[in-house]
$ cat coords_19.csv   # CSV, C-alpha atoms
chain,number,residue,atom,x,y,z
T,118,MET,CA,229.6,-98.2,-74.5
T,119,SER,CA,228.1,-98.6,-78.0
T,120,ASP,CA,224.7,-100.0,-78.8
T,121,VAL,CA,224.3,-103.7,-78.4
T,122,ARG,CA,223.0,-105.7,-81.4
T,123,GLY,CA,220.6,-108.5,-80.6
T,124,GLN,CA,217.1,-109.8,-81.2
T,125,GLN,CA,213.6,-108.9,-80.0
T,126,LEU,CA,210.2,-110.5,-80.5
T,127,LEU,CA,207.7,-108.0,-82.0
T,128,THR,CA,204.0,-108.2,-82.6
T,129,THR,CA,202.4,-105.9,-85.3
T,130,LEU,CA,198.8,-105.6,-86.3
T,131,GLU,CA,197.9,-104.0,-89.6
T,132,GLU,CA,194.6,-102.2,-90.4
T,133,ASN,CA,193.6,-105.1,-92.7
T,134,GLY,CA,193.7,-107.5,-89.8
T,135,THR,CA,197.0,-109.1,-90.6
T,136,LEU,CA,198.9,-109.9,-87.4
T,137,THR,CA,202.7,-110.5,-87.7
T,138,VAL,CA,204.7,-111.9,-84.8
T,139,GLU,CA,208.4,-112.3,-85.5
T,140,VAL,CA,211.9,-112.3,-84.1
T,141,ALA,CA,213.7,-109.2,-85.5
T,142,GLU,CA,217.2,-107.8,-85.3
T,143,HIS,CA,217.3,-105.0,-82.8
T,144,SER,CA,219.8,-102.4,-81.6
T,145,PHE,CA,219.7,-101.9,-77.8
T,146,PRO,CA,221.0,-98.5,-76.7
T,147,ALA,CA,223.6,-98.0,-74.0
T,148,PRO,CA,221.9,-97.4,-70.6
T,149,THR,CA,222.0,-94.0,-69.1
T,150,GLY,CA,221.2,-92.6,-65.7
T,151,SER,CA,219.5,-95.2,-63.6
T,152,GLN,CA,219.0,-97.6,-66.5
T,153,VAL,CA,220.6,-101.1,-66.7
T,154,LEU,CA,221.0,-103.3,-69.7
T,155,ILE,CA,220.0,-106.9,-69.0
T,156,GLN,CA,221.1,-109.9,-70.9
T,157,VAL,CA,217.8,-111.8,-70.7
T,158,GLU,CA,218.2,-115.4,-69.6
T,159,ALA,CA,214.6,-116.4,-68.8
T,160,ALA,CA,211.1,-114.8,-69.4
T,161,PRO,CA,207.8,-116.6,-68.8
T,162,ILE,CA,204.8,-116.6,-71.1
T,163,ASN,CA,201.9,-115.5,-68.9
T,164,PRO,CA,198.2,-115.1,-70.0
T,165,SER,CA,198.7,-111.3,-69.7
T,166,ASP,CA,201.5,-111.6,-72.4
T,167,LEU,CA,199.3,-113.5,-74.8
T,168,GLY,CA,196.8,-110.7,-75.1
T,169,LEU,CA,199.4,-108.5,-76.7
T,170,LEU,CA,201.2,-111.3,-78.6
T,171,PHE,CA,198.2,-112.8,-80.3
T,172,GLY,CA,194.9,-111.7,-78.7
T,173,PRO,CA,192.0,-113.6,-80.4
T,174,ALA,CA,193.9,-114.0,-83.7
T,175,ASP,CA,193.5,-117.3,-85.6
T,176,VAL,CA,196.9,-118.8,-84.7
T,177,GLU,CA,195.7,-122.3,-85.6
T,178,ASN,CA,195.5,-121.3,-89.3
T,179,ALA,CA,198.4,-118.9,-89.3
T,180,VAL,CA,201.3,-119.2,-91.7
T,181,TYR,CA,204.4,-120.3,-89.8
T,182,SER,CA,208.0,-119.8,-90.9
T,183,PRO,CA,211.3,-119.7,-88.9
T,184,GLY,CA,210.9,-117.1,-86.2
T,185,LYS,CA,207.7,-115.7,-87.6
T,186,LEU,CA,204.0,-116.3,-87.9
T,187,VAL,CA,201.3,-114.4,-89.8
T,188,ALA,CA,197.7,-114.7,-88.6
T,189,GLN,CA,194.4,-113.0,-89.2
T,190,MET,CA,192.6,-111.0,-86.4
T,191,PRO,CA,188.8,-111.3,-86.3
T,192,GLU,CA,186.9,-108.2,-87.3
T,193,PRO,CA,185.3,-107.4,-83.9
T,194,ALA,CA,188.7,-107.5,-82.1
T,195,LEU,CA,190.3,-105.5,-84.9
T,196,ARG,CA,188.0,-102.6,-84.4
T,197,ALA,CA,188.9,-102.5,-80.7
T,198,MET,CA,192.7,-102.5,-81.4
T,199,LYS,CA,192.7,-99.5,-83.8
T,200,ALA,CA,195.2,-97.6,-81.7
T,201,ARG,CA,198.0,-100.2,-82.3
T,202,TYR,CA,197.7,-100.4,-86.1
T,203,GLY,CA,201.1,-100.5,-87.7
T,204,MET,CA,203.0,-100.5,-84.4
T,205,ALA,CA,205.8,-103.1,-83.9
T,206,MET,CA,205.3,-103.8,-80.2
T,207,PRO,CA,207.7,-105.6,-78.0
T,208,ALA,CA,206.3,-108.3,-75.7
T,209,GLY,CA,207.1,-110.1,-72.5
T,210,ASN,CA,206.2,-108.3,-69.3
T,211,GLU,CA,208.7,-109.9,-66.9
T,212,GLY,CA,211.9,-111.9,-66.8
T,213,ALA,CA,215.4,-112.2,-65.3
T,214,GLY,CA,218.9,-112.0,-66.5
T,215,LEU,CA,222.4,-110.6,-66.0
T,216,VAL,CA,223.1,-106.9,-65.9
T,217,VAL,CA,225.8,-106.3,-68.5
T,218,ALA,CA,225.9,-102.5,-68.6
T,219,ALA,CA,224.7,-99.8,-66.3
T,220,GLY,CA,224.1,-96.0,-66.4
T,221,GLU,CA,226.2,-93.6,-64.3
T,222,ASP,CA,223.7,-93.5,-61.4
T,223,PRO,CA,225.0,-95.3,-58.4
T,224,VAL,CA,221.8,-97.3,-58.1
T,225,ALA,CA,222.4,-98.7,-61.6
T,226,GLN,CA,226.2,-99.2,-61.1
T,227,ALA,CA,225.4,-101.3,-57.9
T,228,LEU,CA,223.7,-103.9,-60.1
T,229,LEU,CA,226.5,-104.3,-62.7
T,230,GLY,CA,227.3,-108.0,-63.0
T,231,LYS,CA,224.4,-109.0,-60.8
T,232,ARG,CA,221.4,-111.2,-61.7
T,233,VAL,CA,218.1,-109.4,-61.4
T,234,THR,CA,214.4,-109.9,-62.0
T,235,CYS,CA,212.3,-107.1,-63.4
T,236,PHE,CA,209.0,-106.1,-65.0
T,237,PRO,CA,209.8,-103.6,-67.7
T,238,GLY,CA,208.1,-105.1,-70.7
T,239,GLY,CA,210.0,-106.2,-73.8
T,240,MET,CA,211.6,-109.2,-72.1
T,241,TYR,CA,211.1,-111.5,-75.1
T,242,ALA,CA,214.5,-110.4,-76.4
T,243,SER,CA,218.2,-111.1,-76.1
T,244,HIS,CA,218.5,-107.9,-74.0
T,245,ALA,CA,216.3,-105.4,-72.3
T,246,LEU,CA,216.6,-102.0,-70.7
T,247,ALA,CA,215.1,-101.4,-67.3
T,248,ASP,CA,215.2,-98.9,-64.5
T,249,ALA,CA,217.5,-100.2,-61.8
T,250,ARG,CA,215.0,-99.0,-59.1
T,251,MET,CA,212.4,-101.4,-60.5
T,252,CYS,CA,214.8,-104.4,-60.5
T,253,LEU,CA,215.2,-106.9,-57.7
T,254,GLU,CA,218.6,-108.4,-57.2
T,255,LEU,CA,218.3,-112.2,-57.0
T,256,PRO,CA,219.7,-113.9,-53.9
T,257,GLU,CA,223.0,-115.7,-54.3
T,258,GLY,CA,222.5,-119.1,-55.9
T,259,VAL,CA,219.1,-118.3,-57.3
T,260,SER,CA,219.1,-118.7,-61.1
T,261,SER,CA,217.3,-116.5,-63.7
T,262,GLU,CA,214.9,-119.3,-64.4
T,263,THR,CA,213.9,-119.5,-60.7
T,264,GLY,CA,213.6,-115.7,-60.5
T,265,ALA,CA,211.9,-115.1,-63.9
T,266,SER,CA,208.4,-115.2,-62.6
T,267,ALA,CA,208.9,-113.0,-59.5
T,268,PHE,CA,206.6,-110.2,-60.5
T,269,VAL,CA,203.3,-111.0,-62.3
T,270,ASN,CA,202.0,-114.0,-60.5
T,271,PRO,CA,203.5,-113.5,-57.0
T,272,LEU,CA,202.6,-109.8,-56.8
T,273,THR,CA,199.1,-110.5,-58.2
T,274,ALA,CA,198.4,-113.2,-55.6
T,275,LEU,CA,199.7,-111.0,-52.8
T,276,SER,CA,197.7,-108.0,-54.1
T,277,PHE,CA,194.6,-110.1,-54.0
T,278,THR,CA,194.9,-110.5,-50.3
T,279,GLU,CA,195.8,-106.8,-49.9
T,280,THR,CA,192.8,-105.8,-52.0
T,281,MET,CA,190.7,-107.9,-49.8
T,282,ARG,CA,191.9,-106.1,-46.7
T,283,TYR,CA,191.6,-102.7,-48.5
T,284,HIS,CA,187.9,-103.3,-49.0
T,285,GLY,CA,187.3,-104.8,-45.5
T,286,HIS,CA,186.6,-108.4,-46.5
T,287,SER,CA,188.0,-111.5,-44.8
T,288,ALA,CA,187.9,-114.4,-47.2
T,289,LEU,CA,188.2,-115.1,-50.9
T,290,VAL,CA,186.9,-117.1,-53.8
T,291,HIS,CA,189.3,-117.8,-56.7
T,292,THR,CA,188.5,-119.3,-60.1
T,293,ALA,CA,190.8,-121.2,-62.4
T,294,ALA,CA,192.5,-121.9,-59.1
T,295,ALA,CA,194.9,-124.7,-60.2
T,296,SER,CA,197.1,-122.3,-62.1
T,297,ASN,CA,200.6,-121.3,-61.0
T,298,LEU,CA,199.1,-118.1,-59.5
T,299,GLY,CA,196.3,-120.1,-57.9
T,300,GLN,CA,198.8,-122.4,-56.2
T,301,MET,CA,200.7,-119.4,-54.9
T,302,LEU,CA,197.4,-118.0,-53.5
T,303,VAL,CA,196.7,-121.2,-51.7
T,304,LYS,CA,200.1,-121.1,-49.9
T,305,ILE,CA,199.7,-117.4,-49.1
T,306,CYS,CA,196.2,-117.9,-47.6
T,307,GLN,CA,197.4,-120.9,-45.6
T,308,ALA,CA,200.3,-118.9,-44.1
T,309,ASP,CA,198.2,-115.8,-43.4
T,310,GLY,CA,195.1,-117.6,-42.1
T,311,ILE,CA,192.8,-116.4,-44.9
T,312,PRO,CA,189.9,-118.7,-45.7
T,313,LEU,CA,189.9,-119.4,-49.5
T,314,VAL,CA,187.5,-121.1,-51.8
T,315,ASN,CA,189.1,-122.6,-54.9
T,316,ILE,CA,187.1,-123.3,-58.0
T,317,VAL,CA,188.6,-125.7,-60.6
T,318,ARG,CA,187.2,-127.7,-63.5
T,319,ASN,CA,188.2,-131.4,-63.0
T,320,ASP,CA,189.2,-134.1,-60.6
T,321,ALA,CA,193.0,-133.8,-61.3
T,322,GLN,CA,192.9,-130.1,-60.4
T,323,VAL,CA,191.0,-130.9,-57.2
T,324,ALA,CA,193.7,-133.4,-56.3
T,325,LEU,CA,196.5,-131.0,-57.2
T,326,LEU,CA,195.2,-128.3,-54.8
T,327,LYS,CA,194.3,-130.8,-52.1
T,328,GLY,CA,197.8,-132.1,-52.4
T,329,ILE,CA,199.3,-128.7,-51.4
T,330,GLY,CA,196.9,-128.3,-48.5
T,331,ALA,CA,193.9,-126.4,-49.9
T,332,GLU,CA,190.8,-127.0,-47.7
T,333,HIS,CA,188.0,-125.8,-49.9
T,334,VAL,CA,188.2,-126.9,-53.5
T,335,VAL,CA,185.0,-127.2,-55.7
T,336,ASP,CA,184.7,-128.6,-59.2
T,337,SER,CA,182.6,-126.5,-61.6
T,338,SER,CA,182.1,-129.5,-63.9
T,339,LYS,CA,180.2,-131.5,-61.2
T,340,ASP,CA,176.4,-131.6,-61.0
T,341,SER,CA,176.7,-130.7,-57.3
T,342,PHE,CA,178.8,-127.6,-58.1
T,343,LEU,CA,176.4,-125.0,-56.7
T,344,ASP,CA,175.7,-127.0,-53.6
T,345,ASP,CA,179.4,-127.6,-53.0
T,346,LEU,CA,180.1,-123.9,-53.6
T,347,ALA,CA,177.4,-122.9,-51.1
T,348,ALA,CA,178.9,-125.2,-48.5
T,349,ALA,CA,182.4,-123.7,-49.0
T,350,ILE,CA,181.2,-120.1,-49.0
T,351,ASP,CA,179.1,-120.8,-45.9
T,352,ALA,CA,182.2,-122.3,-44.2
T,353,THR,CA,184.5,-119.4,-45.1
T,354,LYS,CA,182.0,-116.5,-45.3
T,355,ALA,CA,183.7,-115.3,-48.4
T,356,THR,CA,182.2,-112.2,-50.0
T,357,MET,CA,185.0,-111.3,-52.5
T,358,ALA,CA,185.9,-113.2,-55.6
T,359,PHE,CA,188.8,-113.0,-58.1
T,360,ASP,CA,187.9,-114.4,-61.5
T,361,ALA,CA,190.4,-115.4,-64.2
T,362,ILE,CA,187.9,-116.6,-66.7
T,363,GLY,CA,185.9,-113.5,-67.5
T,364,GLY,CA,183.3,-114.8,-69.9
T,365,GLY,CA,180.2,-116.9,-69.2
T,366,LYS,CA,178.1,-117.1,-66.1
T,367,LEU,CA,180.5,-118.2,-63.3
T,368,VAL,CA,180.8,-114.7,-61.7
T,369,SER,CA,177.1,-114.5,-61.6
T,370,GLN,CA,176.8,-118.0,-60.0
T,371,ILE,CA,179.4,-117.0,-57.3
T,372,LEU,CA,177.5,-113.8,-56.4
T,373,SER,CA,174.2,-115.7,-56.4
T,374,VAL,CA,175.6,-118.3,-54.0
T,375,MET,CA,177.1,-115.5,-51.8
T,376,GLU,CA,173.7,-114.0,-51.6
T,377,GLN,CA,172.1,-117.3,-50.9
T,378,VAL,CA,174.4,-117.9,-47.9
T,379,ALA,CA,174.0,-114.3,-46.7
T,380,ASN,CA,170.2,-114.7,-46.7
T,381,SER,CA,170.1,-118.0,-44.9
T,382,GLY,CA,168.0,-117.4,-41.8
T,383,ALA,CA,167.7,-113.7,-42.4
T,384,ALA,CA,164.4,-111.7,-42.6
T,385,TYR,CA,163.1,-111.3,-46.1
T,386,SER,CA,163.8,-108.1,-48.0
T,387,ARG,CA,162.9,-107.4,-51.5
T,388,TYR,CA,166.2,-105.7,-51.9
T,389,GLY,CA,168.2,-108.7,-50.9
T,390,SER,CA,170.8,-109.0,-48.1
T,391,ASN,CA,173.0,-106.2,-46.8
T,392,ALA,CA,176.1,-108.3,-47.4
T,393,GLU,CA,178.6,-106.5,-49.6
T,394,LYS,CA,179.5,-108.9,-52.5
T,395,ARG,CA,182.3,-108.0,-54.8
T,396,ALA,CA,183.8,-109.8,-57.8
T,397,PHE,CA,186.9,-108.7,-59.6
T,398,ILE,CA,187.6,-110.0,-63.2
T,399,TYR,CA,191.3,-110.1,-63.8
T,400,GLY,CA,191.6,-112.5,-66.7
T,401,ALA,CA,190.1,-113.5,-70.0
T,402,LEU,CA,190.4,-117.2,-70.3
T,403,ASP,CA,186.9,-117.1,-71.8
T,404,LEU,CA,186.5,-114.3,-74.4
T,405,SER,CA,182.7,-114.6,-74.5
T,406,PRO,CA,180.4,-112.0,-72.8
T,407,THR,CA,180.2,-112.0,-69.0
T,408,VAL,CA,176.6,-112.9,-68.2
T,409,LEU,CA,175.1,-111.6,-65.0
T,410,THR,CA,171.7,-112.9,-63.9
T,411,ARG,CA,170.7,-110.4,-61.2
T,412,ASN,CA,169.4,-112.6,-58.5
T,413,PHE,CA,171.9,-111.5,-55.9
T,414,GLY,CA,170.2,-108.4,-54.4
T,415,PHE,CA,171.4,-104.9,-54.8
T,416,VAL,CA,174.6,-104.8,-52.7
T,417,TRP,CA,177.2,-106.0,-55.2
T,418,ASP,CA,179.9,-104.9,-57.5
T,419,VAL,CA,181.6,-106.4,-60.5
T,420,SER,CA,184.7,-104.7,-61.9
T,421,GLY,CA,188.0,-105.3,-63.6
T,422,TRP,CA,191.3,-105.6,-61.8
T,423,LEU,CA,194.8,-104.9,-63.0
T,424,LEU,CA,198.0,-105.4,-61.1
T,425,THR,CA,199.8,-102.1,-61.8
T,426,PRO,CA,196.9,-99.7,-60.9
T,427,TRP,CA,196.2,-101.7,-57.8
T,428,MET,CA,199.8,-101.6,-56.6
T,429,GLY,CA,199.6,-97.8,-57.0
T,430,LYS,CA,196.4,-97.8,-54.9
T,431,LEU,CA,198.0,-100.0,-52.2
T,432,GLY,CA,201.0,-97.7,-51.9
T,433,ALA,CA,204.7,-98.0,-51.8
T,434,GLU,CA,205.0,-99.3,-48.3
T,435,VAL,CA,202.7,-102.3,-49.0
T,436,VAL,CA,204.3,-103.0,-52.4
T,437,ASP,CA,207.8,-102.9,-50.8
T,438,LYS,CA,206.7,-105.5,-48.3
T,439,MET,CA,205.2,-107.7,-51.0
T,440,ARG,CA,208.4,-107.5,-53.1
T,441,ALA,CA,210.5,-108.4,-50.0
T,442,ARG,CA,208.3,-111.4,-49.3
T,443,VAL,CA,208.6,-112.6,-52.9
T,444,LEU,CA,212.4,-112.6,-52.7
T,445,ALA,CA,212.4,-114.3,-49.3
T,446,GLU,CA,210.0,-117.1,-50.6
T,447,ILE,CA,211.1,-117.3,-54.3
T,448,THR,CA,212.0,-121.0,-54.0
T,449,THR,CA,209.0,-122.0,-51.9
T,450,THR,CA,205.7,-120.1,-52.0
T,451,PHE,CA,206.4,-118.3,-55.2
T,452,ALA,CA,208.2,-121.1,-57.2
T,453,SER,CA,206.9,-121.5,-60.7
T,454,HIS,CA,207.0,-124.6,-62.8
T,455,TYR,CA,207.3,-124.9,-66.6
T,456,LYS,CA,206.4,-127.5,-69.1
T,457,ALA,CA,208.9,-126.4,-71.7
T,458,ARG,CA,211.8,-124.1,-72.3
T,459,VAL,CA,212.1,-122.5,-75.8
T,460,THR,CA,214.3,-120.0,-77.6
T,461,LEU,CA,212.8,-116.9,-79.2
T,462,GLU,CA,212.5,-118.7,-82.6
T,463,GLN,CA,211.1,-121.9,-81.0
T,464,ALA,CA,208.5,-119.9,-79.2
T,465,LEU,CA,206.9,-119.1,-82.7
T,466,THR,CA,206.7,-122.6,-84.0
T,467,ARG,CA,203.2,-123.9,-84.6
T,468,ASP,CA,203.3,-126.7,-82.0
T,469,ALA,CA,204.6,-124.4,-79.2
T,470,VAL,CA,202.1,-121.5,-80.0
T,471,LEU,CA,199.1,-123.8,-80.0
T,472,GLU,CA,200.1,-125.4,-76.8
T,473,TYR,CA,200.9,-122.4,-74.6
T,474,ASN,CA,198.2,-120.2,-76.2
T,475,ALA,CA,195.6,-122.8,-75.0
T,476,ARG,CA,196.4,-121.6,-71.5
T,477,ARG,CA,195.9,-125.0,-69.9
T,478,THR,CA,197.0,-125.7,-66.3
T,479,GLY,CA,200.5,-127.1,-66.1
T,480,GLU,CA,201.5,-126.1,-69.6
T,481,LYS,CA,203.4,-122.8,-68.9
T,482,TYR,CA,206.3,-122.0,-71.2
T,483,LEU,CA,209.6,-120.2,-70.4
T,484,ILE,CA,211.5,-118.4,-73.1
T,485,THR,CA,215.3,-118.6,-72.8
T,486,PRO,CA,216.7,-116.2,-75.3
T,487,GLN,CA,220.3,-117.2,-74.9
T,488,GLY,CA,219.5,-120.8,-75.8

$ encode --input "coords_19.csv" --output "structure tokens"
Amino acid sequence: MSDVRGQQLLTTLEENGTLTVEVAEHSFPAPTGSQVLIQVEAAPINPSDLGLLFGPADVENAVYSPGKLVAQMPEPALRAMKARYGMAMPAGNEGAGLVVAAGEDPVAQALLGKRVTCFPGGMYASHALADARMCLELPEGVSSETGASAFVNPLTALSFTETMRYHGHSALVHTAAASNLGQMLVKICQADGIPLVNIVRNDAQVALLKGIGAEHVVDSSKDSFLDDLAAAIDATKATMAFDAIGGGKLVSQILSVMEQVANSGAAYSRYGSNAEKRAFIYGALDLSPTVLTRNFGFVWDVSGWLLTPWMGKLGAEVVDKMRARVLAEITTTFASHYKARVTLEQALTRDAVLEYNARRTGEKYLITPQG
């Protein structure tokens, strides 16, 4: 077959700090070997996508035109992004759609005419190339919209619990816990019997998580937050945290409370408790510095966490089981909810950008390139 003409959303950063995000005409090559060409029907906008799309650029004061925005990147961030200067980069980590062409490999041919979900990058487009071996065929009757978010959030939530087991811990703390991912984690932990402490920031989010059965939900905006957190950590014995916020002092507060609980009734040691306390930062909802006040002894670790490297560490057998579980529970545990559906051009209007880039709970957007 010949190349397919379509559209692709591209983000380009210039050395002078000008960031251009636009919908451009694009030619998609015919798939070969194990490749498939997917007509993209649905692709979610996740926080992990926003880092590439806009980063900390000033989108509020950007210049908007149909299918395009031009914004300025702040100087500190600009220096850190030198490697991408001048590169028109496709965005959109995951999505779902119809396989309209396939390479000659039998694994690709088997997906021709099927609806699949995948995680190849470049899904904010009319079409996308993907390796058939990395695609999941959606069950009969499951739409692309339902299957579009089958990778990033579900596999992240499942990988949290597998990372916990990998390091020999038995309970978790999760921040920004009312997110789509957080709600999935609540359901996973309920099903698997894993004690979970959920940290949120208002009464509505407490009610949301309590409504789906979460037992331990604490509100960081309350004066009683640290006492409430101590009670929840004491009840669960959680010694591992996953933090979506990144900046500020919350990670430090969590480790301090873990240490406080571990030391309760223990003999004094100037080195603190022997409890292994570990926090993984996996998000950047707050771009300010991470502040650690070292009052939590010497047995601790704070590090970054990314899905793809951790799936590699967990191994193919564990990842295959996670993928199978996602497909089996795609309409229940791993269902995603969207505030709005937009085309590629509509995704770059000022109102839409300011709303989904704010990353507020319950305001997730879905791009539907076919309209």

$ closest_residue --input "coords_19.csv" --among "T:Thr478, T:Thr353, T:Thr273, T:Gln463" --to "Val140 in chain T" --atoms "only C-alpha atoms"
T:Gln463

$ closest_residue --input "coords_19.csv" --among "T:Glu254, T:Leu465, T:Ala245, T:Met301" --to "Pro183 in chain T" --atoms "only C-alpha atoms"
T:Leu465

$ closest_residue --input "coords_19.csv" --among "T:Pro271, T:Gly134, T:Gly214, T:Gly389" --to "Thr449 in chain T" --atoms "only C-alpha atoms"
T:Pro271

$ closest_residue --input "coords_19.csv" --among "T:Ala396, T:Val314, T:Ala160, T:Leu423" --to "Ser453 in chain T" --atoms "only C-alpha atoms"
T:Ala160

$ residues_around --input "coords_19.csv" --residues "range 399-411 of chain T" --least-positions-apart "5" --cutoff "6 Å" --atoms "only C-alpha atoms" --output "PyMOL selection string"
chain T and resi 360-366+369+421-422

$ write_last_selection --input "coords_19.csv" --atoms "C-alpha atoms" --output "compact mmCIF listing (two decimals), keeping the file's coordinate frame"
# COMPACT_ATOMS: atom_id res chain seq x y z
CA ASP T 360 187.90 -114.40 -61.50
CA ALA T 361 190.40 -115.40 -64.20
CA ILE T 362 187.90 -116.60 -66.70
CA GLY T 363 185.90 -113.50 -67.50
CA GLY T 364 183.30 -114.80 -69.90
CA GLY T 365 180.20 -116.90 -69.20
CA LYS T 366 178.10 -117.10 -66.10
CA SER T 369 177.10 -114.50 -61.60
CA GLY T 421 188.00 -105.30 -63.60
CA TRP T 422 191.30 -105.60 -61.80

$ residues_around --input "coords_19.csv" --residues "Leu326 in chain T" --least-positions-apart "2" --cutoff "9 Å" --atoms "only C-alpha atoms" --output "ChimeraX atom specification"
/T:294-295,299-300,303,315,321-324,328-332,334

$ residues_around --input "coords_19.csv" --residues "Gly150 in chain T" --least-positions-apart "2" --cutoff "6 Å" --atoms "all atoms listed in the file" --output "JSON, numbers by chain"
{"T": [152, 220, 221, 222]}

$ write_last_selection --input "coords_19.csv" --atoms "C-alpha atoms" --output "PDB file, in the coordinates of the input"
ATOM      1  CA  GLN T 152     219.000 -97.600 -66.500  1.00  0.00           C
ATOM      2  CA  GLY T 220     224.100 -96.000 -66.400  1.00  0.00           C
ATOM      3  CA  GLU T 221     226.200 -93.600 -64.300  1.00  0.00           C
ATOM      4  CA  ASP T 222     223.700 -93.500 -61.400  1.00  0.00           C
TER       5      ASP T 222
END

$ residues_around --input "coords_19.csv" --residues "Leu289 in chain T" --least-positions-apart "6" --cutoff "6 Å" --atoms "only C-alpha atoms" --output "PyMOL selection string"
chain T and resi 313+355+357-358

$ atom_distance --input "coords_19.csv" --atom1 "CA of Lys231 in chain T" --atom2 "CA of Pro164 in chain T"
28.4 Å

$ atom_distance --input "coords_19.csv" --atom1 "CA of Tyr388 in chain T" --atom2 "CA of Ser341 in chain T"
27.6 Å

$ atom_distance --input "coords_19.csv" --atom1 "CA of Pro191 in chain T" --atom2 "CA of Ala141 in chain T"
25.0 Å

$ closest_residue --input "coords_19.csv" --among "T:Val335, T:Val416, T:Ile447, T:Ala288" --to "Ser373 in chain T" --atoms "only C-alpha atoms"
T:Val416

$ closest_residue --input "coords_19.csv" --among "T:Pro426, T:Pro486, T:Gly258, T:Gly382" --to "Met240 in chain T" --atoms "only C-alpha atoms"
T:Pro486

$ residues_around --input "coords_19.csv" --residues "range 125-131 of chain T" --least-positions-apart "5" --cutoff "10 Å" --atoms "all atoms listed in the file" --output "VMD selection string"
chain T and resid 136 to 145 169 to 171 184 to 190 195 198 to 209 239 to 245 461 to 462 464 to 465 486

$ residues_near_point --input "coords_19.csv" --point "(173.4, -112.0, -55.2)" --cutoff "12 Å" --atoms "all atoms listed in the file" --output "ChimeraX atom specification"
/T:356-357,368-380,388-396,409-419

$ residues_near_point --input "coords_19.csv" --point "(222.9, -99.2, -76.4)" --cutoff "6 Å" --atoms "all atoms listed in the file" --output "list in words"
Ser119, Asp120, Val121, Phe145, Pro146 and Ala147 of chain T

$ closest_atom_pairs --input "coords_19.csv" --of "range 165-277 of chain T" --to "range 434-442 of chain T" --cutoff "9 Å" --atoms "only C-alpha atoms" --output "CSV"
residue,atom,partner,partner_atom,distance
T:Leu253,CA,T:Arg440,CA,8.2
T:Ala267,CA,T:Arg440,CA,8.5
T:Phe268,CA,T:Arg440,CA,8.1
T:Pro271,CA,T:Met439,CA,8.5
T:Leu272,CA,T:Met439,CA,6.7
T:Leu275,CA,T:Met439,CA,6.7
T:Ser276,CA,T:Met439,CA,8.1
